[in-house]
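To keep things clear, I will list the structure first and then write my remarks on it.
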Amino acid sequence: MLVFRQLLDAASSTYTYLLGDSASGEAVLIDPVFEQVRRDTALLRELGLRLVATVETHVHADHVTGAWLLKDRCGSRIVLSAAARATGADVQLHDGDTVHFGCRHLQARATPGHTDGCMSFVLDDQGMAFTGDSLLIRGCGRTDFQQGSAVRLYRSVHERIFSLPAACLLYPGHDYKGQTVTSVAEERRFNPRLGGDSNESDFAGYMDALGLPHPKLIAIAVPANLRCGRPEGDAASAIADPDWALLNYTFGGLWEIEPTALQERLAEVQLLDVRERSEFTDALGHIPGAVLVPLAELSASVGQIDAARPVVTVCRSGTRSAQAAVLLQRAGFARVANLAGGMLRWRTEGLAVVGGTE
């Protein structure tokens with residue numbers, strides 16, 4: 001079975017796509033974003049997938065790719081068009097090449113025009129395709145910089161994308177209006193730049209009249225992406241993991257700590273038990289050193305918590321304490337983690353408690 005997720009980086013309106021083969025557990029990411037690597041690796045871990053490749057539709061001008069950082073963390077290969085002329089790629093694709101993940105694969109179709117190295121990727125059954133900036137929903141990528149050519153883009157879209165089955169779903173590299181997916185049939189008919197009865201001259205005239213400002217990050221993004229996202233200096237520290245304990249980042253956006261990792265750090269953290277007062281001394285007991293602050297009272301008690309020390313929140317199962325961790329983050333606490341599985345996991349792993357029953 002195919003695993004498919006469409007992920008958004010709101011800052012750049014970039015879509016990243018996760019495709020996985022559930023049988024083998026292998027997966028690829030299309031157009032990962034540097035700042036979202038933590039989110040993407042959390043999703044891979046939660047879905048039980050192993051990243052084998054990152055695939056770029058082109059050299060981006062509006063964000064830095066996460067390809068190098070994902071390779072560093074997951075051992076994945078960096079895959080992009082040979083025409084992109086980037087350094088650091090493990091696989092340089094040519095038109096018609098395939099990228100395999102388990103028993104599934106993507107076929108690369110060269111679709112230059114936005115940039116020389118633009119490629120669209122078509123799933124093996126031609127049920128979906130990933131068009132990068134070559135074709136957007138009712139739009140397309142600009143053609144006024146980075147080797148852009150309106151004539152080449154018009155031909156790329158008509159010959160390499162519109163030639164796919166009418167029902168093929170098309171997933172773009174960006175969208176700025178909240179739209180998520182379109183189809184070949186829709187874009188053939190309704191795309192105001194490329195669809196209907198438009199021809200090369202119509203399209204070139206349209207594109208020449210756009211007059212768009214250059215992307216704000218172009219001076220940073222393009223050089224970085226020509227290195228496949230490899231940072232210069234210590235830029236990777238921008239998303240460095242917390243160093244006060246061994247934590248896991250969840251796809252829901254929380255840091256969690258496993259019971260055994262917490263056991264090793266009990267003397268160094270503030271442990272807030274956010275259950276009700278009656279639960280603090282019930283059959284589960286509580287963790288040595290825990291301070292009872294019921295969730296309903298947490299907001300009023302924030303001023304009594306030392307912001308200079310790490311905080312771990314705990315409840316029965318990890319649900320209420322996850323909400324407590326969010327509240328503390330919003331209150332400005334930078335070093336906060338939720339106890340994974342709560343007291344139920346803590347007791348299951350046979351760790352020390354105060355009170356409670358066997």
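Each chain in the structure tokens gets a letter, A, B and so on, in the order shown; residues start at 1 in every chain, and ligands are counted from 1 in the order they appear.
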### Task
Could you give me the residues within stretch 135-280 of chain A that DSSP places in strand (DSSP E), as a VMD selection string?
chain A and resid 169 to 172 182 to 183 247 to 249 255 to 257 270 to 273
May I have the residues from that selection written out with N, CA and C atoms, as a compact mmCIF listing (two decimals), in the first residue's frame?
# COMPACT_ATOMS: atom_id res chain seq x y z
N LEU A 169 -3.74 13.03 -10.88
CA LEU A 169 -3.73 14.12 -9.91
C LEU A 169 -2.38 14.81 -9.93
N LEU A 170 -2.40 16.13 -9.90
CA LEU A 170 -1.17 16.91 -9.96
C LEU A 170 -0.97 17.65 -8.64
N TYR A 171 0.21 17.48 -8.08
CA TYR A 171 0.55 18.10 -6.80
C TYR A 171 1.67 19.11 -7.03
N PRO A 172 1.43 20.39 -6.76
CA PRO A 172 2.41 21.43 -7.08
C PRO A 172 3.46 21.61 -5.99
N THR A 182 -4.76 19.35 -7.97
CA THR A 182 -5.56 19.56 -9.16
C THR A 182 -5.44 18.30 -10.03
N SER A 183 -5.81 18.39 -11.28
CA SER A 183 -5.70 17.24 -12.18
C SER A 183 -5.30 17.72 -13.57
N LEU A 247 15.66 13.44 23.92
CA LEU A 247 14.25 13.68 23.66
C LEU A 247 13.87 13.22 22.26
N ASN A 248 12.58 12.96 22.07
CA ASN A 248 12.02 12.66 20.76
C ASN A 248 11.03 13.75 20.39
N TYR A 249 11.10 14.20 19.14
CA TYR A 249 10.17 15.21 18.64
C TYR A 249 9.01 14.51 17.95
N TRP A 255 8.13 17.95 22.21
CA TRP A 255 9.25 17.12 22.65
C TRP A 255 8.76 16.16 23.72
N GLU A 256 9.15 14.89 23.60
CA GLU A 256 8.80 13.88 24.59
C GLU A 256 10.06 13.23 25.15
N ILE A 257 9.97 12.80 26.38
CA ILE A 257 11.08 12.09 27.02
C ILE A 257 10.60 10.71 27.45
N GLN A 270 12.57 19.92 36.67
CA GLN A 270 11.37 20.17 37.46
C GLN A 270 10.27 19.27 36.91
N LEU A 271 9.75 18.43 37.74
CA LEU A 271 8.75 17.47 37.31
C LEU A 271 7.37 17.92 37.79
N LEU A 272 6.52 18.28 36.85
CA LEU A 272 5.19 18.78 37.17
C LEU A 272 4.15 17.71 36.87
N ASP A 273 3.47 17.24 37.89
CA ASP A 273 2.38 16.27 37.73
C ASP A 273 1.08 17.05 37.62
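In this comparison, which uses only C-alpha atoms, the residue of A:Glu268, A:Glu297, A:Asp9, A:Glu258 approaching A:Met343 most closely is A:Glu258.
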### Message
Taking only C-alpha atoms into account, name the residue in A:Ala27, A:Cys228, A:Ala219, A:Ala84 that is nearest to A:Asp72.
### Response
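Checking each of A:Ala27, A:Cys228, A:Ala219, A:Ala84 against A:Asp72, counting only C-alpha atoms, the winner is A:Cys228.
With atom CA of A:Leu292 on one side and atom CA of A:Val274 on the other, the separation reads 6.1 Å.
Residues in contact with A:Ile78 at 6 Å, where only C-alpha atoms are counted and same-chain residues fewer than 5 positions away are skipped, are listed as Ala53, Thr54, Ala89 and Asp90 of chain A.
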### Task
Go through A:Glu232, A:Glu200, A:Asp124, A:Asp144 and flag the residue nearest A:His158, using only C-alpha atoms for the distances.
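Closest candidate: A:Glu200.
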Mind checking which residues fall within 9 Å of A:Ala352, counting only C-alpha atoms, ignoring those fewer than 6 positions away in the same chain, and posting them as a PDB file with C-alpha atoms, in the first residue's frame?
ATOM      1  CA  GLN A 263      14.919   8.478  35.379  1.00  0.00           C
ATOM      2  CA  HIS A 286       3.610   9.558  41.665  1.00  0.00           C
ATOM      3  CA  ILE A 287       7.230   9.940  40.627  1.00  0.00           C
ATOM      4  CA  PRO A 288       9.699  10.870  43.386  1.00  0.00           C
ATOM      5  CA  TRP A 346       6.432   4.677  34.082  1.00  0.00           C
TER       6      TRP A 346
END
#### Entry: Nearest candidate to A:Thr281 (options A:Val353, A:Leu246, A:Ala334, A:Ile218; using only C-alpha atoms)
A:Val353
### Query
Using only C-alpha atoms, which of the listed residues (A:Ala167, A:Leu226, A:Ile161, A:Ala245) sits closest to A:Glu186?
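Closest to A:Glu186, using only C-alpha atoms: A:Ala167.
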### Query
Which of these, A:Gln146, A:Leu266, A:Thr260, A:Glu26, has the shortest distance to A:Gly341 once you count only C-alpha atoms?
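Of all the options, A:Thr260 lies closest to A:Gly341.
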### Message
Give me the residues near A:Val269 as a PyMOL selection string, where near means some atom within 7 Å (using only C-alpha atoms) and where sequence neighbours in that chain fewer than 5 positions away do not count.
### Response
chain A and resi 309-312
Convert the current residue selection to file output with C-alpha atoms, as an mmCIF file, in the first residue's frame.
data_model
loop_
_atom_site.group_PDB
_atom_site.id
_atom_site.type_symbol
_atom_site.label_atom_id
_atom_site.label_comp_id
_atom_site.auth_asym_id
_atom_site.auth_seq_id
_atom_site.Cartn_x
_atom_site.Cartn_y
_atom_site.Cartn_z
ATOM 1 C CA ARG A 309 15.563 24.754 34.646
ATOM 2 C CA PRO A 310 14.114 22.141 32.264
ATOM 3 C CA VAL A 311 10.506 21.123 32.915
ATOM 4 C CA VAL A 312 8.931 17.703 32.359
#
### Task
Output as a PyMOL selection string all residues of stretch 126-285 of chain A that backbone DSSP marks as alpha helix (DSSP H).
chain A and resi 150-156+184-190+200-208+218-225+259-265+277-280
### Long-range neighbours of A:Ala240 as a count of residues only, 12 Å cut-off, only C-alpha atoms, 6 positions minimum in chain
9
### Nearby residues (only C-alpha atoms) at most 12 Å from stretch 46-50 of chain A, same-chain spacing under 4 positions excluded, as number ranges by chain
A: 2-5, 18-29, 39-42, 54, 70-71, 73-77, 101-102, 248-252
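Between atom CA of A:His94 and atom CA of A:Ala110 the separation is 7.3 Å.
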